[in-house]
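Have a look at the structure below before the remarks.
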Protein chains: 2
Amino acid sequence: MDDIARVRQFNRTVTERIGALDDGYLSRGRPLGQSRLLWEIGAAGDRGAQLRDLRERLELDSGYLSRQLRALEADDLVRVEASPGDSRVRVARLTPAGVAERAELDRSSDALVGGILDPLTERQRERLLAAMDEVGRLMTASAVEVRCVDPADPSARTSVAAYFAELASRFDIGFDPARTRPTPDDEFREPNGTFLVAFLHGEPVGCVGLKLHGDEPAEVKRLWVASSTRGLGLGARLLREVEAAAVALGVGVVRLDTNRTLTEAIAMYRSHGYVEIPDFNGEPYADFWFEKRLG
Amino acid sequence: MDDIARVRQFNRTVTERIGALDDGYLSRGRPLGQSRLLWEIGAAGDRGAQLRDLRERLELDSGYLSRQLRALEADDLVRVEASPGDSRVRVARLTPAGVAERAELDRSSDALVGGILDPLTERQRERLLAAMDEVGRLMTASAVEVRCVDPADPSARTSVAAYFAELASRFDIGFDPARTRPTPDDEFREPNGTFLVAFLHGEPVGCVGLKLHGDEPAEVKRLWVASSTRGLGLGARLLREVEAAAVALGVGVVRLDTNRTLTEAIAMYRSHGYVEIPDFNGEPYADFWFEKRLG
DNA sequence: GCAGTTCTCTGACTAGAGTCAGAGATATGG
DNA sequence: CCATATCTCTGACTCTAGTCAGAGAACTGC
């Protein structure tokens, strides 16, 4: 059976069994959309959910959301009030009856999950859960999109800020961005370089910069992966993509520096064909320097 | 994270990514239901699909199906004709345009699957596919339902017939049901015994019989698993369930006989606590006899 | 304080999915 | 051949989901 047929087969089996999980919501005699909304509002807890957040998260039309909320209010499950700060914004909260109803939804969904797990032996269950984790992880990995982005773009800014914060927490000597060798935005822009950001559901979850040095080897910098997406092979993917971008810009050799506390990164560089070289840039926070010949 | 949360997490990730596969059908500007129907009719090939089969397989209302077909006929994708044998029954076939359209649907669905697989490395892809196979297999296993059934029920009859056919093809000396020790239906009925059938999507895919012998050990017979559902642990499950049924009927010890060519079965008996004993029943086709003390 | 923007709501739609009752044609068992 | 069952079709519905335009209140920057 070829790859595509295997995915299709998976699709059939899974939608049939997992689709039943939605029935748990339907079984409470409420349209699916309203149940989902109820669940989502409850997830926000006591401080309530702002309507605009709900709209964005569930991708609902504003008129549609409004009507759904009205229906839930009519059943006394939800109360919608103006936000204290900005009274254009409205906030939805569950009533006690709504909280109870949501708990009930949870219970019937749990029961359906139980219907999948219960017929299995302990060992089968463990294997199923492990395989589910693997599928989830790899499908998430494949949902990540890497795009070339201007270094002044908000997504690049937040990525670099997160990168610096990460360094500050990992380096045994702390990290002060002012002490590192500065890289103006322009050096990460073509034709001087490039900057890639990885997005998952529209949120930046990783980045990498490339800085050209004329005929000298180019430099890979700011390689960062959000802690929420570790273990998806995203670091390696960013490295591959930045190398491809370098090749496209006519680069033959890339270099980078790294700190001794970033052990996974060091291992990754080594396993991707990077070889250690002497200090080439005098970066104060670096302990190791690597180089790779491309193509 | 507990088991249920893991399943939920899987559900979220998978429905989001896999749900996109349905969009491939929608993208052809036709309602999803009609595309699915088109696909299903095409799967039946040249001899066409009987409407009643389609109705059952897709669980459609007869009026609804009729209308959908009319729409497909209007687009000249499908032709519906009376069945030659029984002209109440009607048969749907794809026109050449329908065949082309179905191929197009396949292609756009392939492209979406590619969108999941392509961003991954070769190794990740292999791990994803293997995990998908595992999830599919175990979810199928958990969808199997084992029920106590009357031995004269059609599901029991077809199971036993398949069991005999299997023996005939596996035994090196062939198998003639007339030569084996006969077991009248009544001996598989309470209070003389019981008969369990495993169902998957309503179809029998396995069975096992239990025959009491008063104070003597009870006998497990007709343990069969359809070749389509091998590797799901269904044999072990039937064995567990028949043992539980035996205990419920007050049985303390069960026995069974088997043929030397059924090596997986023999291995399974051993690993489930069965110990070899001398011939206890003189069954002509048996080479090994086993016993297990229950509870 | 005014122009423009943001946020929510209402009203008026469309489309797909599915249900139900009953009619009409065709087979089957006695 | 007649009563009964099977199969498909039509007409008349309902519900959910979702879209679009525009009104009105509240905020923001100048």
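How things are named: the first chain in the structure tokens is A, the next is B, and so on; residues count from 1 in each chain; ligands count from 1 in the order shown.
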Can you work out which residues from chain D touch chain B at a cut-off of 12 Å (counting only C-alpha atoms (C1' of nucleotides)) and hand them back as an mmCIF file with all heavy atoms, in the first residue's frame?
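selection-v9.cif written:
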data_model
loop_
_atom_site.group_PDB
_atom_site.id
_atom_site.type_symbol
_atom_site.label_atom_id
_atom_site.label_comp_id
_atom_site.auth_asym_id
_atom_site.auth_seq_id
_atom_site.Cartn_x
_atom_site.Cartn_y
_atom_site.Cartn_z
ATOM 1 P P DA D 5 -46.042 -7.880 5.440
ATOM 2 O OP1 DA D 5 -45.624 -8.508 6.716
ATOM 3 O OP2 DA D 5 -46.740 -6.589 5.420
ATOM 4 O "O5'" DA D 5 -44.759 -7.781 4.504
ATOM 5 C "C5'" DA D 5 -44.129 -8.970 4.047
ATOM 6 C "C4'" DA D 5 -43.065 -8.607 3.046
ATOM 7 O "O4'" DA D 5 -43.696 -8.185 1.810
ATOM 8 C "C3'" DA D 5 -42.155 -7.461 3.488
ATOM 9 O "O3'" DA D 5 -40.813 -7.860 3.263
ATOM 10 C "C2'" DA D 5 -42.578 -6.290 2.610
ATOM 11 C "C1'" DA D 5 -43.083 -7.000 1.358
ATOM 12 N N9 DA D 5 -44.096 -6.254 0.616
ATOM 13 C C8 DA D 5 -45.259 -5.705 1.092
ATOM 14 N N7 DA D 5 -45.981 -5.105 0.177
ATOM 15 C C5 DA D 5 -45.248 -5.260 -0.995
ATOM 16 C C6 DA D 5 -45.468 -4.850 -2.318
ATOM 17 N N6 DA D 5 -46.540 -4.159 -2.701
ATOM 18 N N1 DA D 5 -44.535 -5.175 -3.243
ATOM 19 C C2 DA D 5 -43.458 -5.877 -2.846
ATOM 20 N N3 DA D 5 -43.135 -6.324 -1.627
ATOM 21 C C4 DA D 5 -44.082 -5.976 -0.742
ATOM 22 P P DT D 6 -39.621 -6.934 3.626
ATOM 23 O OP1 DT D 6 -38.522 -7.795 4.078
ATOM 24 O OP2 DT D 6 -40.123 -5.806 4.447
ATOM 25 O "O5'" DT D 6 -39.235 -6.349 2.197
ATOM 26 C "C5'" DT D 6 -38.957 -7.245 1.135
ATOM 27 C "C4'" DT D 6 -38.539 -6.453 -0.071
ATOM 28 O "O4'" DT D 6 -39.704 -5.826 -0.655
ATOM 29 C "C3'" DT D 6 -37.541 -5.342 0.226
ATOM 30 O "O3'" DT D 6 -36.483 -5.477 -0.698
ATOM 31 C "C2'" DT D 6 -38.347 -4.058 0.018
ATOM 32 C "C1'" DT D 6 -39.368 -4.508 -1.016
ATOM 33 N N1 DT D 6 -40.661 -3.757 -1.072
ATOM 34 C C2 DT D 6 -41.109 -3.314 -2.288
ATOM 35 O O2 DT D 6 -40.488 -3.481 -3.317
ATOM 36 N N3 DT D 6 -42.310 -2.652 -2.261
ATOM 37 C C4 DT D 6 -43.093 -2.406 -1.152
ATOM 38 O O4 DT D 6 -44.153 -1.799 -1.257
ATOM 39 C C5 DT D 6 -42.581 -2.905 0.095
ATOM 40 C C7 DT D 6 -43.357 -2.687 1.359
ATOM 41 C C6 DT D 6 -41.394 -3.550 0.090
ATOM 42 P P DC D 7 -35.126 -4.692 -0.510
ATOM 43 O OP1 DC D 7 -34.054 -5.533 -1.078
ATOM 44 O OP2 DC D 7 -35.052 -4.187 0.867
ATOM 45 O "O5'" DC D 7 -35.349 -3.457 -1.487
ATOM 46 C "C5'" DC D 7 -35.415 -3.688 -2.891
ATOM 47 C "C4'" DC D 7 -35.866 -2.412 -3.567
ATOM 48 O "O4'" DC D 7 -37.221 -2.128 -3.199
ATOM 49 C "C3'" DC D 7 -35.062 -1.179 -3.146
ATOM 50 O "O3'" DC D 7 -34.242 -0.814 -4.252
ATOM 51 C "C2'" DC D 7 -36.123 -0.129 -2.815
ATOM 52 C "C1'" DC D 7 -37.408 -0.741 -3.351
ATOM 53 N N1 DC D 7 -38.644 -0.371 -2.610
ATOM 54 C C2 DC D 7 -39.709 0.206 -3.303
ATOM 55 O O2 DC D 7 -39.590 0.384 -4.524
ATOM 56 N N3 DC D 7 -40.829 0.534 -2.630
ATOM 57 C C4 DC D 7 -40.921 0.317 -1.314
ATOM 58 N N4 DC D 7 -42.059 0.660 -0.703
ATOM 59 C C5 DC D 7 -39.852 -0.286 -0.586
ATOM 60 C C6 DC D 7 -38.746 -0.597 -1.269
ATOM 61 P P DT D 8 -33.306 0.458 -4.198
ATOM 62 O OP1 DT D 8 -32.251 0.257 -5.190
ATOM 63 O OP2 DT D 8 -33.000 0.744 -2.801
ATOM 64 O "O5'" DT D 8 -34.265 1.608 -4.757
ATOM 65 C "C5'" DT D 8 -34.791 1.474 -6.060
ATOM 66 C "C4'" DT D 8 -35.762 2.587 -6.353
ATOM 67 O "O4'" DT D 8 -36.876 2.508 -5.429
ATOM 68 C "C3'" DT D 8 -35.185 3.998 -6.188
ATOM 69 O "O3'" DT D 8 -35.247 4.620 -7.466
ATOM 70 C "C2'" DT D 8 -36.085 4.676 -5.166
ATOM 71 C "C1'" DT D 8 -37.334 3.815 -5.192
ATOM 72 N N1 DT D 8 -38.116 3.764 -3.928
ATOM 73 C C2 DT D 8 -39.416 4.171 -3.941
ATOM 74 O O2 DT D 8 -39.973 4.585 -4.932
ATOM 75 N N3 DT D 8 -40.060 4.082 -2.735
ATOM 76 C C4 DT D 8 -39.530 3.618 -1.539
ATOM 77 O O4 DT D 8 -40.218 3.579 -0.528
ATOM 78 C C5 DT D 8 -38.159 3.204 -1.594
ATOM 79 C C7 DT D 8 -37.491 2.703 -0.356
ATOM 80 C C6 DT D 8 -37.516 3.294 -2.764
ATOM 81 P P DC D 9 -34.653 6.063 -7.681
ATOM 82 O OP1 DC D 9 -34.209 6.143 -9.083
ATOM 83 O OP2 DC D 9 -33.728 6.367 -6.580
ATOM 84 O "O5'" DC D 9 -35.934 7.002 -7.516
ATOM 85 C "C5'" DC D 9 -37.039 6.832 -8.403
ATOM 86 C "C4'" DC D 9 -38.199 7.662 -7.915
ATOM 87 O "O4'" DC D 9 -38.603 7.162 -6.626
ATOM 88 C "C3'" DC D 9 -37.887 9.146 -7.716
ATOM 89 O "O3'" DC D 9 -38.600 9.898 -8.682
ATOM 90 C "C2'" DC D 9 -38.340 9.457 -6.297
ATOM 91 C "C1'" DC D 9 -39.125 8.236 -5.881
ATOM 92 N N1 DC D 9 -38.981 7.873 -4.451
ATOM 93 C C2 DC D 9 -40.088 7.959 -3.605
ATOM 94 O O2 DC D 9 -41.167 8.350 -4.073
ATOM 95 N N3 DC D 9 -39.955 7.618 -2.309
ATOM 96 C C4 DC D 9 -38.776 7.198 -1.842
ATOM 97 N N4 DC D 9 -38.699 6.865 -0.558
ATOM 98 C C5 DC D 9 -37.641 7.089 -2.688
ATOM 99 C C6 DC D 9 -37.775 7.438 -3.966
ATOM 100 P P DT D 10 -38.269 11.438 -8.831
ATOM 101 O OP1 DT D 10 -38.477 11.747 -10.260
ATOM 102 O OP2 DT D 10 -36.989 11.745 -8.173
ATOM 103 O "O5'" DT D 10 -39.414 12.146 -7.990
ATOM 104 C "C5'" DT D 10 -40.768 11.789 -8.213
ATOM 105 C "C4'" DT D 10 -41.650 12.515 -7.214
ATOM 106 O "O4'" DT D 10 -41.540 11.880 -5.920
ATOM 107 C "C3'" DT D 10 -41.271 13.989 -7.001
ATOM 108 O "O3'" DT D 10 -42.407 14.774 -7.361
ATOM 109 C "C2'" DT D 10 -40.914 14.098 -5.520
ATOM 110 C "C1'" DT D 10 -41.554 12.861 -4.917
ATOM 111 N N1 DT D 10 -40.825 12.255 -3.770
ATOM 112 C C2 DT D 10 -41.499 12.028 -2.592
ATOM 113 O O2 DT D 10 -42.667 12.323 -2.424
ATOM 114 N N3 DT D 10 -40.732 11.445 -1.610
ATOM 115 C C4 DT D 10 -39.397 11.076 -1.691
ATOM 116 O O4 DT D 10 -38.832 10.555 -0.740
ATOM 117 C C5 DT D 10 -38.754 11.338 -2.945
ATOM 118 C C7 DT D 10 -37.319 10.978 -3.138
ATOM 119 C C6 DT D 10 -39.486 11.910 -3.915
ATOM 120 P P DG D 11 -42.351 16.369 -7.258
ATOM 121 O OP1 DG D 11 -43.306 16.861 -8.260
ATOM 122 O OP2 DG D 11 -40.942 16.807 -7.274
ATOM 123 O "O5'" DG D 11 -42.951 16.673 -5.809
ATOM 124 C "C5'" DG D 11 -44.079 15.928 -5.370
ATOM 125 C "C4'" DG D 11 -44.491 16.406 -3.994
ATOM 126 O "O4'" DG D 11 -43.747 15.664 -2.986
ATOM 127 C "C3'" DG D 11 -44.203 17.882 -3.716
ATOM 128 O "O3'" DG D 11 -45.300 18.421 -2.972
ATOM 129 C "C2'" DG D 11 -42.918 17.850 -2.887
ATOM 130 C "C1'" DG D 11 -43.074 16.553 -2.123
ATOM 131 N N9 DG D 11 -41.811 15.902 -1.751
ATOM 132 C C8 DG D 11 -40.654 15.835 -2.481
ATOM 133 N N7 DG D 11 -39.707 15.164 -1.890
ATOM 134 C C5 DG D 11 -40.270 14.773 -0.684
ATOM 135 C C6 DG D 11 -39.714 14.025 0.389
ATOM 136 O O6 DG D 11 -38.591 13.548 0.485
ATOM 137 N N1 DG D 11 -40.631 13.847 1.415
ATOM 138 C C2 DG D 11 -41.920 14.332 1.413
ATOM 139 N N2 DG D 11 -42.646 14.065 2.489
ATOM 140 N N3 DG D 11 -42.453 15.041 0.425
ATOM 141 C C4 DG D 11 -41.567 15.217 -0.593
#
Determine which residues of chain C sit within 9 Å of chain B, taking into account only C-alpha atoms (C1' of nucleotides), and present them as an MDAnalysis selection string.
chainID C and resid 16:19 25:27
Got time to write the residues from that selection, all heavy atoms, as a tab-separated table (two decimals), in the first residue's frame?
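And here's out-v4.tsv as it stands now:
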chain	number	residue	atom	x	y	z
C	16	DG	P	-25.19	23.83	-1.73
C	16	DG	OP1	-23.95	23.79	-2.53
C	16	DG	OP2	-26.51	23.63	-2.36
C	16	DG	O5'	-25.02	22.79	-0.55
C	16	DG	C5'	-24.02	23.03	0.42
C	16	DG	C4'	-24.36	22.23	1.64
C	16	DG	O4'	-25.53	22.79	2.26
C	16	DG	C3'	-24.68	20.77	1.34
C	16	DG	O3'	-23.79	19.99	2.12
C	16	DG	C2'	-26.14	20.60	1.74
C	16	DG	C1'	-26.38	21.76	2.69
C	16	DG	N9	-27.72	22.34	2.69
C	16	DG	C8	-28.39	22.86	1.62
C	16	DG	N7	-29.57	23.34	1.94
C	16	DG	C5	-29.68	23.11	3.30
C	16	DG	C6	-30.74	23.41	4.19
C	16	DG	O6	-31.82	23.95	3.95
C	16	DG	N1	-30.44	23.00	5.49
C	16	DG	C2	-29.27	22.39	5.87
C	16	DG	N2	-29.15	22.08	7.16
C	16	DG	N3	-28.27	22.12	5.05
C	16	DG	C4	-28.53	22.50	3.78
C	17	DA	P	-23.86	18.40	2.00
C	17	DA	OP1	-22.53	17.90	2.37
C	17	DA	OP2	-24.49	18.02	0.72
C	17	DA	O5'	-24.88	18.06	3.18
C	17	DA	C5'	-24.59	18.54	4.47
C	17	DA	C4'	-25.61	18.01	5.44
C	17	DA	O4'	-26.82	18.79	5.30
C	17	DA	C3'	-25.99	16.55	5.19
C	17	DA	O3'	-25.86	15.86	6.41
C	17	DA	C2'	-27.44	16.62	4.70
C	17	DA	C1'	-27.92	17.92	5.32
C	17	DA	N9	-28.97	18.61	4.58
C	17	DA	C8	-29.01	18.89	3.24
C	17	DA	N7	-30.10	19.53	2.88
C	17	DA	C5	-30.82	19.68	4.05
C	17	DA	C6	-32.06	20.27	4.33
C	17	DA	N6	-32.83	20.85	3.41
C	17	DA	N1	-32.49	20.25	5.61
C	17	DA	C2	-31.71	19.67	6.54
C	17	DA	N3	-30.53	19.08	6.40
C	17	DA	C4	-30.14	19.12	5.11
C	18	DG	P	-26.03	14.25	6.41
C	18	DG	OP1	-25.24	13.71	7.51
C	18	DG	OP2	-25.86	13.76	5.04
C	18	DG	O5'	-27.57	14.10	6.81
C	18	DG	C5'	-27.98	14.72	8.02
C	18	DG	C4'	-29.48	14.79	8.02
C	18	DG	O4'	-29.95	15.68	6.99
C	18	DG	C3'	-30.18	13.46	7.73
C	18	DG	O3'	-30.82	13.04	8.92
C	18	DG	C2'	-31.17	13.78	6.64
C	18	DG	C1'	-31.27	15.29	6.73
C	18	DG	N9	-31.74	15.92	5.51
C	18	DG	C8	-31.13	15.96	4.27
C	18	DG	N7	-31.84	16.58	3.37
C	18	DG	C5	-32.98	16.99	4.05
C	18	DG	C6	-34.11	17.70	3.60
C	18	DG	O6	-34.35	18.14	2.47
C	18	DG	N1	-35.04	17.90	4.63
C	18	DG	C2	-34.88	17.45	5.92
C	18	DG	N2	-35.87	17.74	6.77
C	18	DG	N3	-33.83	16.79	6.36
C	18	DG	C4	-32.92	16.59	5.37
C	19	DT	P	-31.58	11.64	8.97
C	19	DT	OP1	-31.20	11.00	10.24
C	19	DT	OP2	-31.44	10.92	7.69
C	19	DT	O5'	-33.10	12.12	9.09
C	19	DT	C5'	-33.38	13.27	9.86
C	19	DT	C4'	-34.89	13.48	9.85
C	19	DT	O4'	-35.27	14.22	8.66
C	19	DT	C3'	-35.70	12.19	9.84
C	19	DT	O3'	-36.73	12.34	10.81
C	19	DT	C2'	-36.24	12.10	8.41
C	19	DT	C1'	-36.35	13.56	8.01
C	19	DT	N1	-36.19	13.88	6.55
C	19	DT	C2	-37.18	14.57	5.92
C	19	DT	O2	-38.21	14.93	6.47
C	19	DT	N3	-36.95	14.83	4.59
C	19	DT	C4	-35.83	14.48	3.85
C	19	DT	O4	-35.74	14.77	2.67
C	19	DT	C5	-34.83	13.74	4.59
C	19	DT	C7	-33.58	13.32	3.88
C	19	DT	C6	-35.04	13.48	5.89
C	25	DA	P	-47.33	2.93	-11.29
C	25	DA	OP1	-47.37	3.57	-12.63
C	25	DA	OP2	-48.52	2.22	-10.75
C	25	DA	O5'	-46.10	1.93	-11.25
C	25	DA	C5'	-44.80	2.43	-11.53
C	25	DA	C4'	-43.82	1.36	-11.13
C	25	DA	O4'	-43.87	1.20	-9.70
C	25	DA	C3'	-44.13	0.00	-11.74
C	25	DA	O3'	-42.96	-0.49	-12.38
C	25	DA	C2'	-44.54	-0.88	-10.55
C	25	DA	C1'	-43.84	-0.18	-9.39
C	25	DA	N9	-44.51	-0.33	-8.10
C	25	DA	C8	-45.80	-0.01	-7.78
C	25	DA	N7	-46.11	-0.25	-6.53
C	25	DA	C5	-44.94	-0.76	-5.99
C	25	DA	C6	-44.62	-1.22	-4.70
C	25	DA	N6	-45.48	-1.22	-3.68
C	25	DA	N1	-43.36	-1.66	-4.50
C	25	DA	C2	-42.51	-1.65	-5.52
C	25	DA	N3	-42.69	-1.24	-6.77
C	25	DA	C4	-43.94	-0.81	-6.94
C	26	DT	P	-43.05	-1.85	-13.23
C	26	DT	OP1	-42.04	-1.71	-14.30
C	26	DT	OP2	-44.46	-2.17	-13.52
C	26	DT	O5'	-42.50	-2.91	-12.20
C	26	DT	C5'	-41.22	-2.68	-11.59
C	26	DT	C4'	-41.05	-3.68	-10.48
C	26	DT	O4'	-42.00	-3.45	-9.45
C	26	DT	C3'	-41.23	-5.14	-10.90
C	26	DT	O3'	-39.95	-5.74	-10.81
C	26	DT	C2'	-42.23	-5.71	-9.89
C	26	DT	C1'	-42.18	-4.68	-8.78
C	26	DT	N1	-43.39	-4.54	-7.93
C	26	DT	C2	-43.30	-4.88	-6.61
C	26	DT	O2	-42.29	-5.32	-6.10
C	26	DT	N3	-44.45	-4.70	-5.88
C	26	DT	C4	-45.67	-4.21	-6.36
C	26	DT	O4	-46.63	-4.09	-5.61
C	26	DT	C5	-45.70	-3.87	-7.75
C	26	DT	C7	-46.96	-3.34	-8.34
C	26	DT	C6	-44.56	-4.04	-8.48
C	27	DA	P	-39.71	-7.25	-11.22
C	27	DA	OP1	-38.29	-7.43	-11.53
C	27	DA	OP2	-40.74	-7.62	-12.20
C	27	DA	O5'	-40.02	-7.99	-9.85
C	27	DA	C5'	-38.94	-8.62	-9.20
C	27	DA	C4'	-39.35	-8.95	-7.79
C	27	DA	O4'	-40.55	-8.27	-7.44
C	27	DA	C3'	-39.60	-10.44	-7.58
C	27	DA	O3'	-38.66	-10.92	-6.65
C	27	DA	C2'	-41.04	-10.52	-7.08
C	27	DA	C1'	-41.29	-9.10	-6.58
C	27	DA	N9	-42.67	-8.67	-6.65
C	27	DA	C8	-43.35	-8.20	-7.73
C	27	DA	N7	-44.61	-7.86	-7.48
C	27	DA	C5	-44.75	-8.13	-6.13
C	27	DA	C6	-45.85	-7.99	-5.25
C	27	DA	N6	-47.04	-7.52	-5.63
C	27	DA	N1	-45.65	-8.37	-3.97
C	27	DA	C2	-44.46	-8.85	-3.61
C	27	DA	N3	-43.35	-9.02	-4.34
C	27	DA	C4	-43.57	-8.63	-5.60
For chain B, which residues have at least one atom within 7 Å of chain A, if we go by only C-alpha atoms? Write them as an MDAnalysis selection string, please.
chainID B and resid 4 6 10:11 13:14 18 110 113 116:117 119:120 128:129 131:136 138:140 142
Resulting file, chosen residues, N, CA, C and O atoms, as an mmCIF file, in the first residue's frame:
data_model
loop_
_atom_site.group_PDB
_atom_site.id
_atom_site.type_symbol
_atom_site.label_atom_id
_atom_site.label_comp_id
_atom_site.auth_asym_id
_atom_site.auth_seq_id
_atom_site.Cartn_x
_atom_site.Cartn_y
_atom_site.Cartn_z
ATOM 1 N N ILE B 4 -7.211 10.190 28.765
ATOM 2 C CA ILE B 4 -8.302 10.865 28.054
ATOM 3 C C ILE B 4 -7.820 12.170 27.447
ATOM 4 O O ILE B 4 -8.146 12.506 26.308
ATOM 5 N N ARG B 6 -4.885 12.745 26.441
ATOM 6 C CA ARG B 6 -4.050 12.431 25.285
ATOM 7 C C ARG B 6 -4.917 12.142 24.064
ATOM 8 O O ARG B 6 -4.603 12.579 22.957
ATOM 9 N N PHE B 10 -4.987 14.333 20.597
ATOM 10 C CA PHE B 10 -4.876 13.670 19.290
ATOM 11 C C PHE B 10 -6.043 14.074 18.404
ATOM 12 O O PHE B 10 -5.870 14.463 17.249
ATOM 13 N N ASN B 11 -7.215 14.004 18.973
ATOM 14 C CA ASN B 11 -8.437 14.360 18.258
ATOM 15 C C ASN B 11 -8.345 15.761 17.670
ATOM 16 O O ASN B 11 -8.619 15.974 16.488
ATOM 17 N N THR B 13 -5.684 17.692 17.045
ATOM 18 C CA THR B 13 -4.666 17.825 15.996
ATOM 19 C C THR B 13 -5.125 17.159 14.709
ATOM 20 O O THR B 13 -5.009 17.720 13.626
ATOM 21 N N VAL B 14 -5.657 15.961 14.853
ATOM 22 C CA VAL B 14 -5.976 15.169 13.668
ATOM 23 C C VAL B 14 -7.178 15.732 12.923
ATOM 24 O O VAL B 14 -7.149 15.839 11.703
ATOM 25 N N ILE B 18 -6.726 16.552 9.170
ATOM 26 C CA ILE B 18 -7.349 15.557 8.303
ATOM 27 C C ILE B 18 -8.677 16.083 7.767
ATOM 28 O O ILE B 18 -9.081 15.747 6.654
ATOM 29 N N ASP B 110 -5.167 13.551 -3.081
ATOM 30 C CA ASP B 110 -3.747 13.193 -3.016
ATOM 31 C C ASP B 110 -2.893 14.404 -2.693
ATOM 32 O O ASP B 110 -1.954 14.334 -1.904
ATOM 33 N N VAL B 113 -3.052 15.177 0.927
ATOM 34 C CA VAL B 113 -2.228 14.245 1.697
ATOM 35 C C VAL B 113 -0.763 14.632 1.538
ATOM 36 O O VAL B 113 0.000 14.640 2.509
ATOM 37 N N ILE B 116 0.497 17.120 3.861
ATOM 38 C CA ILE B 116 0.840 16.641 5.201
ATOM 39 C C ILE B 116 2.207 15.970 5.181
ATOM 40 O O ILE B 116 3.026 16.187 6.065
ATOM 41 N N LEU B 117 2.473 15.169 4.158
ATOM 42 C CA LEU B 117 3.707 14.375 4.147
ATOM 43 C C LEU B 117 4.927 15.172 3.678
ATOM 44 O O LEU B 117 6.027 14.957 4.172
ATOM 45 N N PRO B 119 6.240 18.257 4.022
ATOM 46 C CA PRO B 119 7.174 19.038 4.843
ATOM 47 C C PRO B 119 8.064 18.170 5.719
ATOM 48 O O PRO B 119 8.977 18.682 6.340
ATOM 49 N N LEU B 120 7.792 16.871 5.777
ATOM 50 C CA LEU B 120 8.555 16.010 6.694
ATOM 51 C C LEU B 120 9.773 15.416 6.000
ATOM 52 O O LEU B 120 9.791 15.259 4.779
ATOM 53 N N LEU B 128 5.655 8.666 10.834
ATOM 54 C CA LEU B 128 4.245 9.076 10.838
ATOM 55 C C LEU B 128 3.367 7.971 10.264
ATOM 56 O O LEU B 128 2.342 7.603 10.850
ATOM 57 N N LEU B 129 3.782 7.425 9.135
ATOM 58 C CA LEU B 129 2.964 6.390 8.510
ATOM 59 C C LEU B 129 2.868 5.155 9.404
ATOM 60 O O LEU B 129 1.792 4.557 9.543
ATOM 61 N N ALA B 131 3.069 5.106 12.641
ATOM 62 C CA ALA B 131 2.199 5.431 13.779
ATOM 63 C C ALA B 131 0.742 5.472 13.340
ATOM 64 O O ALA B 131 -0.154 5.059 14.070
ATOM 65 N N MET B 132 0.500 5.965 12.118
ATOM 66 C CA MET B 132 -0.867 5.978 11.608
ATOM 67 C C MET B 132 -1.402 4.551 11.463
ATOM 68 O O MET B 132 -2.544 4.269 11.802
ATOM 69 N N ASP B 133 -0.553 3.669 10.940
ATOM 70 C CA ASP B 133 -0.976 2.275 10.817
ATOM 71 C C ASP B 133 -1.333 1.708 12.188
ATOM 72 O O ASP B 133 -2.340 1.030 12.347
ATOM 73 N N GLU B 134 -0.488 2.030 13.145
ATOM 74 C CA GLU B 134 -0.712 1.505 14.492
ATOM 75 C C GLU B 134 -2.023 2.043 15.074
ATOM 76 O O GLU B 134 -2.820 1.291 15.634
ATOM 77 N N VAL B 135 -2.233 3.336 14.923
ATOM 78 C CA VAL B 135 -3.472 3.919 15.448
ATOM 79 C C VAL B 135 -4.675 3.279 14.744
ATOM 80 O O VAL B 135 -5.649 2.886 15.384
ATOM 81 N N GLY B 136 -4.585 3.158 13.420
ATOM 82 C CA GLY B 136 -5.690 2.566 12.671
ATOM 83 C C GLY B 136 -5.976 1.147 13.130
ATOM 84 O O GLY B 136 -7.131 0.773 13.357
ATOM 85 N N LEU B 138 -5.215 -0.324 16.024
ATOM 86 C CA LEU B 138 -5.735 -0.454 17.386
ATOM 87 C C LEU B 138 -7.135 0.134 17.511
ATOM 88 O O LEU B 138 -7.953 -0.358 18.285
ATOM 89 N N MET B 139 -7.416 1.194 16.742
ATOM 90 C CA MET B 139 -8.776 1.723 16.800
ATOM 91 C C MET B 139 -9.752 0.739 16.162
ATOM 92 O O MET B 139 -10.889 0.615 16.603
ATOM 93 N N THR B 140 -9.308 0.055 15.130
ATOM 94 C CA THR B 140 -10.151 -0.983 14.551
ATOM 95 C C THR B 140 -10.391 -2.078 15.579
ATOM 96 O O THR B 140 -11.518 -2.533 15.776
ATOM 97 N N SER B 142 -10.453 -1.832 18.705
ATOM 98 C CA SER B 142 -11.363 -1.411 19.763
ATOM 99 C C SER B 142 -12.782 -1.239 19.244
ATOM 100 O O SER B 142 -13.729 -1.147 20.022
#
Enumerate, as a PyMOL selection string, the complete set of residues in segment 64-165 of chain B that a backbone-based DSSP assignment places in strand (DSSP E or B).
chain B and resi 78-82+90-94+145-148
Those selected residues, please, written with C-alpha atoms and delivered as a CSV table (one decimal), in the first residue's frame.
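To be explicit, this is the file written out as out_17.csv:
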chain,number,residue,atom,x,y,z
B,78,VAL,CA,-23.9,9.2,-13.2
B,79,ARG,CA,-26.6,7.0,-14.8
B,80,VAL,CA,-29.1,5.1,-12.8
B,81,GLU,CA,-30.8,2.0,-14.4
B,82,ALA,CA,-32.9,-0.8,-13.2
B,90,ARG,CA,-31.7,0.2,-9.3
B,91,VAL,CA,-28.1,0.4,-10.1
B,92,ALA,CA,-25.9,3.5,-10.4
B,93,ARG,CA,-22.9,3.7,-12.7
B,94,LEU,CA,-20.5,6.5,-13.5
B,145,GLU,CA,-17.7,-5.9,19.5
B,146,VAL,CA,-18.0,-9.4,20.9
B,147,ARG,CA,-21.6,-10.7,21.5
B,148,CYS,CA,-23.1,-13.9,22.7
